[in-house]
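Data from entry_38.txt: compact mmCIF, C-alpha atoms and all ligand atoms
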```txt
# COMPACT_ATOMS: atom_id res chain seq x y z
CA MET A 1 12.70 -6.97 -4.92
CA GLN A 2 9.09 -6.87 -3.75
CA VAL A 3 8.26 -4.44 -0.96
CA LYS A 4 6.88 -5.97 2.23
CA PRO A 5 4.46 -3.61 3.99
CA GLN A 6 4.54 -4.03 7.76
CA GLU A 7 0.79 -3.89 8.42
CA PRO A 8 -1.58 -6.70 7.28
CA LYS A 9 -4.04 -4.00 6.19
CA ALA A 10 -1.40 -2.50 3.90
CA VAL A 11 -0.86 -5.93 2.34
CA GLN A 12 -4.60 -6.14 1.61
CA ILE A 13 -4.56 -2.66 0.09
CA ARG A 14 -1.61 -3.57 -2.10
CA GLU A 15 -3.33 -6.76 -3.27
CA MET A 16 -6.51 -4.85 -4.03
CA PHE A 17 -4.67 -2.33 -6.22
CA SER A 18 -2.65 -5.08 -7.86
CA ARG A 19 -5.89 -6.88 -8.84
CA ILE A 20 -7.38 -3.82 -10.52
CA ALA A 21 -4.10 -2.62 -12.10
CA PRO A 22 -4.82 -3.94 -15.63
CA ARG A 23 -8.06 -1.95 -15.85
CA TYR A 24 -7.07 0.94 -13.58
CA ASP A 25 -6.46 3.58 -16.28
CA LEU A 26 -9.54 2.73 -18.29
CA LEU A 27 -11.76 2.93 -15.19
CA ASN A 28 -10.12 6.09 -13.90
CA HIS A 29 -10.83 7.99 -17.09
CA LEU A 30 -14.26 6.43 -17.64
CA LEU A 31 -15.61 6.88 -14.11
CA SER A 32 -14.33 10.44 -13.82
CA LEU A 33 -15.42 11.30 -17.40
CA ASN A 34 -11.76 12.21 -17.97
CA ILE A 35 -11.85 15.01 -15.40
CA ASP A 36 -8.94 13.32 -13.60
CA ARG A 37 -6.66 14.42 -16.47
CA HIS A 38 -7.65 18.04 -15.81
CA TRP A 39 -6.86 17.67 -12.07
CA ARG A 40 -3.42 16.32 -12.87
CA ARG A 41 -2.84 19.15 -15.36
CA VAL A 42 -3.68 21.73 -12.66
CA THR A 43 -1.22 20.02 -10.31
CA VAL A 44 1.51 20.08 -12.95
CA GLY A 45 0.78 23.74 -13.75
CA LEU A 46 1.19 24.80 -10.14
CA LEU A 47 4.57 23.08 -9.94
CA ALA A 48 5.80 24.66 -13.20
CA PRO A 49 8.64 26.72 -11.62
CA VAL A 50 10.31 23.69 -10.05
CA LEU A 51 9.67 21.50 -13.11
CA ALA A 52 11.48 24.02 -15.30
CA ARG A 53 14.75 23.56 -13.39
CA PRO A 54 16.95 20.91 -15.08
CA GLU A 55 18.79 20.08 -11.84
CA ALA A 56 15.56 19.57 -9.83
CA LYS A 57 14.26 16.17 -8.68
CA VAL A 58 10.56 15.47 -8.17
CA LEU A 59 9.10 12.42 -6.42
CA ASP A 60 5.58 11.18 -7.17
CA VAL A 61 4.52 8.92 -4.28
CA CYS A 62 1.82 6.22 -4.80
CA CYS A 63 2.34 6.79 -8.52
CA GLY A 64 0.18 3.83 -9.62
CA THR A 65 0.27 3.60 -13.41
CA ALA A 66 2.25 6.87 -13.50
CA ASP A 67 -0.35 9.20 -15.00
CA LEU A 68 0.80 12.07 -12.80
CA ALA A 69 4.51 11.20 -13.06
CA LEU A 70 4.22 11.19 -16.85
CA ALA A 71 2.22 14.43 -16.90
CA LEU A 72 4.95 15.99 -14.75
CA GLY A 73 7.59 14.53 -17.07
CA ARG A 74 6.01 16.04 -20.16
CA ARG A 75 6.33 19.54 -18.71
CA ALA A 76 9.65 19.05 -16.96
CA ARG A 77 13.29 19.55 -17.54
CA ALA A 78 13.58 18.16 -14.01
CA ARG A 79 14.03 14.43 -13.23
CA ILE A 80 10.81 12.72 -12.08
CA ILE A 81 10.67 9.51 -10.03
CA GLY A 82 7.43 7.62 -9.38
CA VAL A 83 7.23 5.17 -6.49
CA ASP A 84 4.51 2.64 -5.63
CA PHE A 85 4.31 -0.64 -3.70
CA SER A 86 2.13 -2.49 -6.25
CA HIS A 87 4.24 -4.37 -8.77
CA PRO A 88 1.41 -4.76 -11.35
CA MET A 89 0.73 -0.99 -11.21
CA LEU A 90 4.41 -0.38 -11.93
CA VAL A 91 4.41 -2.87 -14.82
CA THR A 92 1.79 -0.72 -16.58
CA ALA A 93 3.62 2.44 -15.51
CA ARG A 94 6.89 1.15 -17.03
CA ARG A 95 5.21 0.29 -20.31
CA LYS A 96 3.78 3.82 -20.54
CA ALA A 97 7.03 5.50 -19.46
CA GLU A 98 9.03 3.62 -22.12
CA ARG A 99 6.64 4.87 -24.79
CA HIS A 100 6.52 8.47 -23.68
CA GLU A 101 9.01 9.92 -21.26
CA ARG A 102 12.76 9.56 -20.86
CA ASN A 103 13.02 11.73 -17.75
CA VAL A 104 10.64 9.57 -15.64
CA GLY A 105 12.08 6.78 -13.50
CA LEU A 106 10.06 4.28 -11.44
CA ALA A 107 10.77 2.47 -8.21
CA GLU A 108 9.02 -0.07 -6.02
CA GLY A 109 8.69 1.21 -2.47
CA ASP A 110 6.42 1.76 0.51
CA ALA A 111 5.18 5.33 1.01
CA LEU A 112 5.61 4.83 4.76
CA ARG A 113 9.30 3.92 4.41
CA LEU A 114 10.45 5.57 1.22
CA PRO A 115 13.68 4.17 -0.23
CA PHE A 116 15.33 7.57 -0.79
CA SER A 117 17.61 9.81 1.21
CA GLU A 118 16.25 12.53 3.45
CA SER A 119 15.93 15.96 1.75
CA GLU A 120 16.58 14.51 -1.71
CA PHE A 121 13.72 16.15 -3.61
CA ASP A 122 12.72 19.65 -4.69
CA ALA A 123 9.05 18.68 -4.89
CA VAL A 124 6.94 15.72 -3.81
CA THR A 125 3.49 14.88 -5.17
CA ILE A 126 0.90 12.32 -4.16
CA ALA A 127 -2.35 11.86 -6.10
CA PHE A 128 -5.18 9.78 -4.66
CA GLY A 129 -2.61 8.03 -2.49
CA LEU A 130 -2.71 9.64 0.97
CA ARG A 131 -6.27 8.34 1.52
CA ASN A 132 -4.98 4.77 1.09
CA LEU A 133 -2.15 4.88 3.59
CA VAL A 134 -2.74 2.94 6.79
CA ASP A 135 -1.12 5.77 8.76
CA ARG A 136 -1.71 9.17 7.12
CA GLU A 137 0.32 11.13 9.63
CA ALA A 138 3.31 8.86 9.07
CA GLY A 139 2.73 9.30 5.32
CA LEU A 140 2.80 13.09 5.64
CA ASN A 141 5.99 12.83 7.71
CA GLU A 142 7.62 10.77 4.96
CA LEU A 143 6.63 13.34 2.30
CA HIS A 144 8.10 16.06 4.50
CA ARG A 145 11.29 14.06 5.15
CA MET A 146 11.89 13.61 1.41
CA LEU A 147 11.87 17.36 0.69
CA LYS A 148 14.76 19.78 0.67
CA PRO A 149 14.16 22.89 2.79
CA ARG A 150 11.75 25.16 0.83
CA GLY A 151 10.73 22.14 -1.28
CA SER A 152 7.06 21.90 -2.34
CA VAL A 153 4.47 19.27 -1.61
CA ALA A 154 1.27 18.79 -3.69
CA ILE A 155 -1.47 16.49 -2.43
CA LEU A 156 -4.29 15.73 -4.85
CA GLU A 157 -7.21 13.84 -3.32
CA PHE A 158 -10.93 13.29 -3.63
CA SER A 159 -13.06 15.54 -1.48
CA GLN A 160 -16.74 16.24 -0.87
CA PRO A 161 -18.56 18.93 -2.87
CA ALA A 162 -19.64 21.85 -0.70
CA PHE A 163 -22.93 22.58 -2.54
CA PRO A 164 -25.54 20.29 -0.83
CA LEU A 165 -27.45 19.07 -3.90
CA PHE A 166 -24.27 18.38 -5.86
CA ARG A 167 -22.84 16.66 -2.80
CA GLN A 168 -25.89 14.39 -2.58
CA LEU A 169 -25.87 13.50 -6.28
CA PHE A 170 -22.15 12.89 -6.20
CA GLY A 171 -22.59 10.75 -3.05
CA LEU A 172 -25.22 8.60 -4.80
CA TYR A 173 -23.01 8.18 -7.86
CA PHE A 174 -20.02 7.25 -5.71
CA GLN A 175 -21.95 4.86 -3.47
CA PHE A 176 -24.18 3.03 -5.94
CA ILE A 177 -23.19 3.54 -9.58
CA LEU A 178 -19.42 3.67 -9.44
CA PRO A 179 -18.98 0.30 -7.59
CA ARG A 180 -21.24 -1.43 -10.13
CA ILE A 181 -19.39 -0.15 -13.19
CA GLY A 182 -15.99 -0.47 -11.48
CA GLY A 183 -16.83 -4.00 -10.31
CA ALA A 184 -18.13 -5.12 -13.70
CA ILE A 185 -15.08 -3.87 -15.63
CA SER A 186 -12.30 -4.63 -13.14
CA GLY A 187 -13.83 -7.81 -11.68
CA SER A 188 -13.35 -6.37 -8.19
CA ARG A 189 -16.39 -4.56 -6.85
CA PRO A 190 -14.96 -4.31 -3.29
CA ALA A 191 -12.17 -2.08 -4.62
CA TYR A 192 -14.74 0.47 -5.76
CA GLU A 193 -16.79 0.16 -2.55
CA TYR A 194 -13.53 0.78 -0.72
CA LEU A 195 -13.08 3.93 -2.82
CA HIS A 196 -16.42 5.29 -1.61
CA ASP A 197 -15.71 4.38 2.03
CA THR A 198 -12.24 5.93 2.09
CA VAL A 199 -13.43 9.16 0.46
CA GLN A 200 -16.15 9.43 3.13
CA ALA A 201 -13.63 8.87 5.90
CA PHE A 202 -10.97 11.24 4.53
CA PRO A 203 -10.41 14.51 6.45
CA SER A 204 -12.02 17.69 5.13
CA PRO A 205 -9.74 20.10 3.23
CA ALA A 206 -9.48 22.33 6.33
CA SER A 207 -8.53 19.35 8.56
CA LEU A 208 -5.90 18.28 6.06
CA VAL A 209 -4.45 21.80 6.18
CA ARG A 210 -4.09 21.42 9.98
CA MET A 211 -2.53 17.97 9.64
CA MET A 212 -0.01 19.32 7.13
CA GLN A 213 0.81 22.24 9.40
CA SER A 214 1.40 19.93 12.37
CA THR A 215 3.70 17.82 10.18
CA GLY A 216 5.83 20.94 9.70
CA PHE A 217 4.65 22.24 6.33
CA SER A 218 4.29 26.00 6.01
CA GLU A 219 2.38 28.22 3.57
CA VAL A 220 -0.25 25.46 3.39
CA HIS A 221 -3.26 26.24 1.24
CA TYR A 222 -5.65 24.40 -1.01
CA ARG A 223 -7.96 24.82 -3.95
CA THR A 224 -11.01 22.75 -4.68
CA LEU A 225 -11.46 21.29 -8.14
CA SER A 226 -14.60 20.54 -10.16
CA GLY A 227 -17.02 21.85 -7.56
CA GLY A 228 -15.19 20.16 -4.69
CA ILE A 229 -14.99 16.60 -6.06
CA ALA A 230 -11.26 16.89 -5.56
CA ALA A 231 -8.94 19.15 -3.61
CA LEU A 232 -5.33 20.07 -4.22
CA HIS A 233 -3.29 20.97 -1.14
CA LEU A 234 0.06 22.71 -1.44
CA GLY A 235 2.72 23.41 1.14
CA ILE A 236 6.41 24.10 1.67
CA ARG A 237 8.93 22.31 3.87
CA ALA A 238 9.89 25.13 6.20
C1 LIG A 301 -5.80 5.33 -6.25
S1 LIG A 301 -4.21 4.83 -6.77
C2 LIG A 301 -3.52 6.37 -7.34
C3 LIG A 301 -2.50 6.15 -8.42
C4 LIG A 301 -2.00 7.41 -9.11
N1 LIG A 301 -1.33 8.31 -8.21
C5 LIG A 301 -3.10 8.15 -9.85
O1 LIG A 301 -3.21 9.36 -9.68
O2 LIG A 301 -3.83 7.52 -10.61
C6 LIG A 301 -3.39 4.59 -5.24
C7 LIG A 301 -2.01 3.98 -5.41
O3 LIG A 301 -1.37 4.04 -4.13
C8 LIG A 301 -0.58 2.88 -3.99
N2 LIG A 301 -0.30 2.71 -2.56
C9 LIG A 301 -1.19 2.59 -1.55
N3 LIG A 301 -0.55 2.47 -0.37
C10 LIG A 301 0.78 2.55 -0.66
C11 LIG A 301 1.94 2.50 0.14
N4 LIG A 301 1.90 2.34 1.46
N5 LIG A 301 3.13 2.62 -0.48
C12 LIG A 301 3.22 2.77 -1.83
N6 LIG A 301 2.16 2.79 -2.64
C13 LIG A 301 0.94 2.70 -2.05
C14 LIG A 301 -1.41 1.78 -4.62
O4 LIG A 301 -0.64 0.67 -4.98
C15 LIG A 301 -2.01 2.51 -5.83
O5 LIG A 301 -1.20 2.34 -6.97
```

Could you rewrite the structure in this file as structure tokens?
Ligand SMILES: C[S@@+](CC[C@H](N)C(=O)[O-])C[C@H]1O[C@@H](n2cnc3c(N)ncnc32)[C@H](O)[C@@H]1O
Amino acid sequence: MQVKPQEPKAVQIREMFSRIAPRYDLLNHLLSLNIDRHWRRVTVGLLAPVLARPEAKVLDVCCGTADLALALGRRARARIIGVDFSHPMLVTARRKAERHERNVGLAEGDALRLPFSESEFDAVTIAFGLRNLVDREAGLNELHRMLKPRGSVAILEFSQPAFPLFRQLFGLYFQFILPRIGGAISGSRPAYEYLHDTVQAFPSPASLVRMMQSTGFSEVHYRTLSGGIAALHLGIRA
């Protein structure tokens, strides 16, 4: 059954991702020069203790074509579930999961009303998803609600490099080059302009720490990746 987001803006976001789904993986790896794989590997590495537990359950929210869910699955004895509200993204994800991983399941669902029981998961991840939610605080609350007490959250998201020259160069690439290439290959330039705009508007790593703390996460910390292009935030459900 198709998920029906409540907000018109969320419907637009879902349609945008559904349009670019067939070319999403190709563009992700091309536009990031494959660095995105490294970011996912770091995320998986930091969750290694929970992934090693055969009875553990891990939820990857906004899983898209399941790159992170599959990377988690490769290292895990735990059960991994990826959830996303775009059907075409999940079609690609299913194809990949059938080829590679038996311990990865996929579900269609809205990150703001996740179709799972409270406290069901030992860890919850979200990669490049929080930025796209129409209500980020509600999204953080849902991530928190899904976790067992002492469960871990990992939030991987684009950020802004701290070093001024790198920040400027990266800004130019993101604003002018990336939408052209993304638009030409996916046929949807607005999706890649939207990427630039949402990264600009996303809270700084320190602000996200505060938001996570006010949601109820403890032991919140982050590390920047690739000179600050991305940031990985970690926390625990107290
Ligand atoms: C930039 S992609 C990231 C996909 C994947 N996590 C990755 O690392 O490549 C963002 C994904 O979030 C999904 N998404 C956005 N808002 C959502 C929501 N409210 N509920 C579920 N999925 C959502 C989109 O459909 C899209 O697949």

Expected selection as an NGL selection string for ligand LIG 301 (chain A) within 7 Å, only C-alpha atoms and all ligand atoms:
:A and (5 or 10 or 13-14 or 17-18 or 61-68 or 83-86 or 89 or 109-112 or 126-129 or 132-133)

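Counting from CA of Phe174 in chain A, the distance to CA of His196 in chain A is 5.8 Å.
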
From the list A:Pro203, A:Gly139, A:Gly82, A:Pro88, which residue is nearest Leu59 in chain A when using only C-alpha atoms?
A:Gly82

Leu26 in chain A surroundings by all atoms listed in the file, 12 Å radius, close-in-sequence under 2 positions cut, as a ChimeraX atom specification
/A:20-24,28-34,36,65,67,92,181-182,185-186

Ala76 in chain A proximity check over A:Leu106, A:Leu90, A:Ser204, A:Val44, using all atoms listed in the file: winner is A:Val44

Generate the coordinates of N, CA, C and O atoms for range 52-74 of chain A; report them as a PDB file, in the coordinates of the input.
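Result saved to selection_31.pdb:
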```
ATOM      1  N   ALA A  52      10.657  23.382 -14.264  1.00  0.00           N
ATOM      2  CA  ALA A  52      11.480  24.020 -15.300  1.00  0.00           C
ATOM      3  C   ALA A  52      12.971  23.945 -14.989  1.00  0.00           C
ATOM      4  O   ALA A  52      13.807  24.196 -15.866  1.00  0.00           O
ATOM      5  N   ARG A  53      13.324  23.558 -13.767  1.00  0.00           N
ATOM      6  CA  ARG A  53      14.750  23.560 -13.390  1.00  0.00           C
ATOM      7  C   ARG A  53      15.400  22.225 -13.740  1.00  0.00           C
ATOM      8  O   ARG A  53      15.009  21.192 -13.184  1.00  0.00           O
ATOM      9  N   PRO A  54      16.391  22.200 -14.635  1.00  0.00           N
ATOM     10  CA  PRO A  54      16.950  20.910 -15.080  1.00  0.00           C
ATOM     11  C   PRO A  54      17.619  20.122 -13.947  1.00  0.00           C
ATOM     12  O   PRO A  54      17.708  18.903 -14.014  1.00  0.00           O
ATOM     13  N   GLU A  55      18.083  20.806 -12.906  1.00  0.00           N
ATOM     14  CA  GLU A  55      18.790  20.080 -11.840  1.00  0.00           C
ATOM     15  C   GLU A  55      17.820  19.575 -10.764  1.00  0.00           C
ATOM     16  O   GLU A  55      18.221  18.847  -9.850  1.00  0.00           O
ATOM     17  N   ALA A  56      16.523  19.924 -10.892  1.00  0.00           N
ATOM     18  CA  ALA A  56      15.560  19.570  -9.830  1.00  0.00           C
ATOM     19  C   ALA A  56      15.152  18.103  -9.910  1.00  0.00           C
ATOM     20  O   ALA A  56      15.200  17.477 -10.973  1.00  0.00           O
ATOM     21  N   LYS A  57      14.763  17.556  -8.744  1.00  0.00           N
ATOM     22  CA  LYS A  57      14.260  16.170  -8.680  1.00  0.00           C
ATOM     23  C   LYS A  57      12.881  16.195  -8.042  1.00  0.00           C
ATOM     24  O   LYS A  57      12.676  16.837  -7.007  1.00  0.00           O
ATOM     25  N   VAL A  58      11.942  15.487  -8.655  1.00  0.00           N
ATOM     26  CA  VAL A  58      10.560  15.470  -8.170  1.00  0.00           C
ATOM     27  C   VAL A  58      10.145  14.031  -7.925  1.00  0.00           C
ATOM     28  O   VAL A  58      10.380  13.160  -8.773  1.00  0.00           O
ATOM     29  N   LEU A  59       9.537  13.784  -6.771  1.00  0.00           N
ATOM     30  CA  LEU A  59       9.100  12.420  -6.420  1.00  0.00           C
ATOM     31  C   LEU A  59       7.579  12.359  -6.434  1.00  0.00           C
ATOM     32  O   LEU A  59       6.914  13.153  -5.771  1.00  0.00           O
ATOM     33  N   ASP A  60       7.026  11.395  -7.184  1.00  0.00           N
ATOM     34  CA  ASP A  60       5.580  11.180  -7.170  1.00  0.00           C
ATOM     35  C   ASP A  60       5.305   9.896  -6.393  1.00  0.00           C
ATOM     36  O   ASP A  60       5.612   8.789  -6.862  1.00  0.00           O
ATOM     37  N   VAL A  61       4.739  10.046  -5.195  1.00  0.00           N
ATOM     38  CA  VAL A  61       4.520   8.920  -4.280  1.00  0.00           C
ATOM     39  C   VAL A  61       3.152   8.291  -4.590  1.00  0.00           C
ATOM     40  O   VAL A  61       2.203   8.992  -4.930  1.00  0.00           O
ATOM     41  N   CYS A  62       3.056   6.957  -4.443  1.00  0.00           N
ATOM     42  CA  CYS A  62       1.820   6.220  -4.800  1.00  0.00           C
ATOM     43  C   CYS A  62       1.479   6.496  -6.257  1.00  0.00           C
ATOM     44  O   CYS A  62       0.344   6.842  -6.596  1.00  0.00           O
ATOM     45  N   CYS A  63       2.479   6.345  -7.123  1.00  0.00           N
ATOM     46  CA  CYS A  63       2.340   6.790  -8.520  1.00  0.00           C
ATOM     47  C   CYS A  63       1.394   5.923  -9.325  1.00  0.00           C
ATOM     48  O   CYS A  63       0.938   6.344 -10.396  1.00  0.00           O
ATOM     49  N   GLY A  64       1.083   4.706  -8.869  1.00  0.00           N
ATOM     50  CA  GLY A  64       0.180   3.830  -9.620  1.00  0.00           C
ATOM     51  C   GLY A  64       0.701   3.598 -11.029  1.00  0.00           C
ATOM     52  O   GLY A  64       1.880   3.248 -11.221  1.00  0.00           O
ATOM     53  N   THR A  65      -0.131   3.830 -12.018  1.00  0.00           N
ATOM     54  CA  THR A  65       0.270   3.600 -13.410  1.00  0.00           C
ATOM     55  C   THR A  65       0.984   4.815 -14.007  1.00  0.00           C
ATOM     56  O   THR A  65       1.132   4.922 -15.221  1.00  0.00           O
ATOM     57  N   ALA A  66       1.359   5.729 -13.152  1.00  0.00           N
ATOM     58  CA  ALA A  66       2.250   6.870 -13.500  1.00  0.00           C
ATOM     59  C   ALA A  66       1.577   7.983 -14.305  1.00  0.00           C
ATOM     60  O   ALA A  66       2.279   8.750 -14.965  1.00  0.00           O
ATOM     61  N   ASP A  67       0.280   8.108 -14.246  1.00  0.00           N
ATOM     62  CA  ASP A  67      -0.350   9.200 -15.000  1.00  0.00           C
ATOM     63  C   ASP A  67       0.184  10.565 -14.561  1.00  0.00           C
ATOM     64  O   ASP A  67       0.470  11.417 -15.397  1.00  0.00           O
ATOM     65  N   LEU A  68       0.298  10.771 -13.255  1.00  0.00           N
ATOM     66  CA  LEU A  68       0.800  12.070 -12.800  1.00  0.00           C
ATOM     67  C   LEU A  68       2.296  12.200 -13.077  1.00  0.00           C
ATOM     68  O   LEU A  68       2.755  13.247 -13.562  1.00  0.00           O
ATOM     69  N   ALA A  69       3.059  11.130 -12.803  1.00  0.00           N
ATOM     70  CA  ALA A  69       4.510  11.200 -13.060  1.00  0.00           C
ATOM     71  C   ALA A  69       4.780  11.538 -14.521  1.00  0.00           C
ATOM     72  O   ALA A  69       5.641  12.360 -14.839  1.00  0.00           O
ATOM     73  N   LEU A  70       4.017  10.933 -15.423  1.00  0.00           N
ATOM     74  CA  LEU A  70       4.220  11.190 -16.850  1.00  0.00           C
ATOM     75  C   LEU A  70       3.768  12.605 -17.233  1.00  0.00           C
ATOM     76  O   LEU A  70       4.405  13.265 -18.047  1.00  0.00           O
ATOM     77  N   ALA A  71       2.678  13.053 -16.622  1.00  0.00           N
ATOM     78  CA  ALA A  71       2.220  14.430 -16.900  1.00  0.00           C
ATOM     79  C   ALA A  71       3.268  15.418 -16.399  1.00  0.00           C
ATOM     80  O   ALA A  71       3.546  16.429 -17.057  1.00  0.00           O
ATOM     81  N   LEU A  72       3.877  15.124 -15.258  1.00  0.00           N
ATOM     82  CA  LEU A  72       4.950  15.990 -14.750  1.00  0.00           C
ATOM     83  C   LEU A  72       6.136  15.940 -15.716  1.00  0.00           C
ATOM     84  O   LEU A  72       6.731  16.962 -16.049  1.00  0.00           O
ATOM     85  N   GLY A  73       6.451  14.734 -16.172  1.00  0.00           N
ATOM     86  CA  GLY A  73       7.590  14.530 -17.070  1.00  0.00           C
ATOM     87  C   GLY A  73       7.446  15.309 -18.373  1.00  0.00           C
ATOM     88  O   GLY A  73       8.424  15.851 -18.890  1.00  0.00           O
ATOM     89  N   ARG A  74       6.232  15.347 -18.883  1.00  0.00           N
ATOM     90  CA  ARG A  74       6.010  16.040 -20.160  1.00  0.00           C
ATOM     91  C   ARG A  74       6.333  17.520 -20.061  1.00  0.00           C
ATOM     92  O   ARG A  74       6.756  18.138 -21.007  1.00  0.00           O
TER      93      ARG A  74
END
```
